[in-house]
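To start, the structure itself, in structure tokens.
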Amino acid sequence: MPPSVAIAVSGLGRIRRGSETWAMDLAKALHDHGDAVRLHGSARVEAAVPQSPAWSIGRNSLWIRWLDPRRRYLVEQRTFAASLVRRLRRDLPDIVHVTDPQVSWWVRQAFRHQGPRVFYMDGLMLGPDWNWRFDHVQVLAPHYIETARDGGRDTAAWRVIPHFIDPAPFAADASRREDRARYLPGVPADKPVVLAVGDFAPGSAKRLDHVVAEVAGIPAADRPHLMLVGNATPAERRAMDGFAGRHLGDGVTILCSLGRAEMAAVYHCADLFAHAALKEPFGIVLLEAMASRLPVVGHTFPVTRWIVGDGGRCVDMEETGALGRAILDWIRDPDGRRQAGDRARERVRQCYSDVAVLPLYRRAYHEIHAVRARPAARP
């Protein structure tokens, strides 16, 4: 019988980032497979899986606004962890899969003698200096194990399991013309479109400002239309409107806070995907773009290279003009662009789809559960 699994993320029900998307997608895939799984967040979400929210004081709550940001974060994490432990003691799953670092550690301490095994997903690139605390660790790419081993660190308890998506919703369909009319009114149907996705906060690792500057540096006769999509406060949206408008005028479209179904339509509007992040744990948006048959231009960071493979190209994003030249090459080679897009979708299907990756999770859960079931070697 498959082990029962609890998946917990403190931001679930409050915000939607990579961790929340990971938790919802994994829980749905396990549930659809018939496995016993329960999702724990700060509030209920729209997902057809069993859920048990764990109450917490959010870091933006009026009750704690007077604290500094670090203390507000710790209050949120501590209250979520305490509620989560109470629910885990009631439900008694075999495994709890957690990604918030502090929550993971507090849950590990609560069940250090008996109870569910903690499977920690390192989604923040914390590495061996943090991961040694856990008996079972998930990392998202081989690069993290290779780097740790090169440093002489023990990674025997680590498993490489990448993020995944269901490629089906991102398959291009006959609605591209309608999608472009909806999201890009006034942009000619034959105008190439570059898409970039990320949050608009100043100093964001997604570096959307760099994408804007690079597209602006492309000669006007060949310059594509740019779409920027992401999360933003009203102030951040105004700042991006001003910055992008000064560089590109009406050659940019900015959209905020779109749902996942809307994002699938937005990907269909574009011809290629620009991703300027220099370093990040994984990047689910890369999978979504590739599944939409968009060739990707990314940075030479080993994890990005591993994800993109032959579904695009990686350039030095710290070199001024490198992204712009790569975009221009794709714009001038539509046949090559389409072929790369086909390879990108096939790479997702083979390596990063739910069908390809879910067996890795299920195998990990079985192995962790088997370790738990063995009699202790010492009293």
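Each chain of the structure tokens is named A, B, ... in the order shown, its residues numbered from 1; ligands are numbered from 1 in display order.
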
Using only C-alpha atoms, which residues of segment 62-129 of chain A come within 8 Å of segment 349-370 of chain A, and what is the closest atom pair for each, with the distance in Å to one decimal? Give it as a Markdown table, sorted by chain and residue number.
```
| residue | atom | partner | partner_atom | distance |
| --- | --- | --- | --- | --- |
| A:Asp94 | CA | A:His369 | CA | 6.8 |
| A:Ile95 | CA | A:His369 | CA | 7.3 |
| A:Arg117 | CA | A:Ile368 | CA | 7.5 |
```

task = Could you give me, as a ChimeraX atom specification, the residues within 12 Å of Arg17 of chain A, counting only C-alpha atoms and dropping anything in the same chain fewer than 4 positions from it?
result = /A:9-13,21-24,123,198-199,230-231,257,259-260,283-285

ask   = Which distance in Å separates atom CA of Gln51 of chain A and atom CA of Ala8 of chain A, to one decimal?
value =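 Taking atom CA of Gln51 of chain A and atom CA of Ala8 of chain A, their separation equals 10.0 Å.
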
message = Env of Gln114 of chain A: 12 Å cut, atoms = only C-alpha atoms, seq-sep filter 3 positions within chain, self excluded. Answer as number ranges by chain.
response = A: 88-89, 92-95, 107-111, 117-118, 372-373, 376

task = Could you please write out, as a ChimeraX atom specification, every residue of segment 53-229 of chain A that DSSP assigns to alpha helix (DSSP H)?
result = /A:69-91,101-110,128-131,142-150,176-183,208-216

With C-alpha atoms retained, export the selected residues as a PDB file, in the first residue's frame.
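Listed below is the output, part.pdb:
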```pdb
ATOM      1  CA  PRO A  69      10.335  42.065   8.475  1.00  0.00           C
ATOM      2  CA  ARG A  70      12.483  39.204   9.778  1.00  0.00           C
ATOM      3  CA  ARG A  71      10.475  38.892  12.980  1.00  0.00           C
ATOM      4  CA  ARG A  72       7.197  39.051  11.060  1.00  0.00           C
ATOM      5  CA  TYR A  73       8.423  36.195   8.880  1.00  0.00           C
ATOM      6  CA  LEU A  74       9.374  34.129  11.937  1.00  0.00           C
ATOM      7  CA  VAL A  75       5.973  34.748  13.573  1.00  0.00           C
ATOM      8  CA  GLU A  76       4.258  33.544  10.398  1.00  0.00           C
ATOM      9  CA  GLN A  77       6.441  30.456  10.158  1.00  0.00           C
ATOM     10  CA  ARG A  78       6.237  29.594  13.876  1.00  0.00           C
ATOM     11  CA  THR A  79       2.452  29.877  14.061  1.00  0.00           C
ATOM     12  CA  PHE A  80       2.024  27.873  10.851  1.00  0.00           C
ATOM     13  CA  ALA A  81       4.399  25.158  12.106  1.00  0.00           C
ATOM     14  CA  ALA A  82       2.574  24.867  15.439  1.00  0.00           C
ATOM     15  CA  SER A  83      -0.799  24.486  13.709  1.00  0.00           C
ATOM     16  CA  LEU A  84       0.660  22.049  11.197  1.00  0.00           C
ATOM     17  CA  VAL A  85       2.144  19.820  13.911  1.00  0.00           C
ATOM     18  CA  ARG A  86      -1.264  19.611  15.632  1.00  0.00           C
ATOM     19  CA  ARG A  87      -2.877  18.477  12.384  1.00  0.00           C
ATOM     20  CA  LEU A  88      -0.128  15.986  11.648  1.00  0.00           C
ATOM     21  CA  ARG A  89      -0.514  14.462  15.114  1.00  0.00           C
ATOM     22  CA  ARG A  90      -4.220  14.094  14.432  1.00  0.00           C
ATOM     23  CA  ASP A  91      -3.907  12.668  10.896  1.00  0.00           C
ATOM     24  CA  PRO A 101      13.084  25.876   5.828  1.00  0.00           C
ATOM     25  CA  GLN A 102      12.100  26.917   9.359  1.00  0.00           C
ATOM     26  CA  VAL A 103       8.817  25.025   9.250  1.00  0.00           C
ATOM     27  CA  SER A 104      10.656  21.935   8.035  1.00  0.00           C
ATOM     28  CA  TRP A 105      13.089  22.096  10.932  1.00  0.00           C
ATOM     29  CA  TRP A 106      10.431  22.650  13.598  1.00  0.00           C
ATOM     30  CA  VAL A 107       8.344  19.775  12.219  1.00  0.00           C
ATOM     31  CA  ARG A 108      11.479  17.610  12.141  1.00  0.00           C
ATOM     32  CA  GLN A 109      12.090  18.421  15.801  1.00  0.00           C
ATOM     33  CA  ALA A 110       8.488  17.702  16.756  1.00  0.00           C
ATOM     34  CA  PRO A 128      24.496  21.370   2.598  1.00  0.00           C
ATOM     35  CA  ASP A 129      24.963  23.957   5.357  1.00  0.00           C
ATOM     36  CA  TRP A 130      21.218  23.683   5.959  1.00  0.00           C
ATOM     37  CA  ASN A 131      20.308  20.340   4.430  1.00  0.00           C
ATOM     38  CA  PRO A 142      21.900  17.441 -10.409  1.00  0.00           C
ATOM     39  CA  HIS A 143      23.987  20.629 -10.122  1.00  0.00           C
ATOM     40  CA  TYR A 144      23.195  20.916  -6.416  1.00  0.00           C
ATOM     41  CA  ILE A 145      24.450  17.438  -5.611  1.00  0.00           C
ATOM     42  CA  GLU A 146      27.508  17.864  -7.822  1.00  0.00           C
ATOM     43  CA  THR A 147      28.436  21.158  -6.161  1.00  0.00           C
ATOM     44  CA  ALA A 148      27.995  19.719  -2.673  1.00  0.00           C
ATOM     45  CA  ARG A 149      30.081  16.650  -3.497  1.00  0.00           C
ATOM     46  CA  ASP A 150      32.809  18.806  -5.020  1.00  0.00           C
ATOM     47  CA  ARG A 176      -3.894  31.884 -30.963  1.00  0.00           C
ATOM     48  CA  ARG A 177      -5.493  34.609 -33.087  1.00  0.00           C
ATOM     49  CA  GLU A 178      -8.233  35.141 -30.502  1.00  0.00           C
ATOM     50  CA  ASP A 179      -5.697  35.125 -27.663  1.00  0.00           C
ATOM     51  CA  ARG A 180      -3.586  37.777 -29.381  1.00  0.00           C
ATOM     52  CA  ALA A 181      -6.641  39.897 -30.050  1.00  0.00           C
ATOM     53  CA  ARG A 182      -7.535  39.681 -26.365  1.00  0.00           C
ATOM     54  CA  TYR A 183      -4.137  40.284 -24.786  1.00  0.00           C
ATOM     55  CA  LEU A 208      12.565  42.080 -16.124  1.00  0.00           C
ATOM     56  CA  ASP A 209      14.212  45.487 -16.361  1.00  0.00           C
ATOM     57  CA  HIS A 210      17.152  43.817 -18.109  1.00  0.00           C
ATOM     58  CA  VAL A 211      14.798  42.213 -20.636  1.00  0.00           C
ATOM     59  CA  VAL A 212      13.252  45.616 -21.350  1.00  0.00           C
ATOM     60  CA  ALA A 213      16.659  47.226 -21.913  1.00  0.00           C
ATOM     61  CA  GLU A 214      17.850  44.394 -24.173  1.00  0.00           C
ATOM     62  CA  VAL A 215      14.734  44.458 -26.353  1.00  0.00           C
ATOM     63  CA  ALA A 216      15.023  48.237 -26.578  1.00  0.00           C
TER      64      ALA A 216
END
```

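Among the candidates A:Arg337, A:Ala322, A:Leu328, A:Val229, the one nearest to Asp310 of chain A when counting only C-alpha atoms is A:Arg337.
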
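Using only C-alpha atoms, the contacts of Thr233 of chain A at a cut-off of 9 Å, with sequence neighbours closer than 5 positions omitted, comprise Phe200, Ala201 and Arg238 of chain A.
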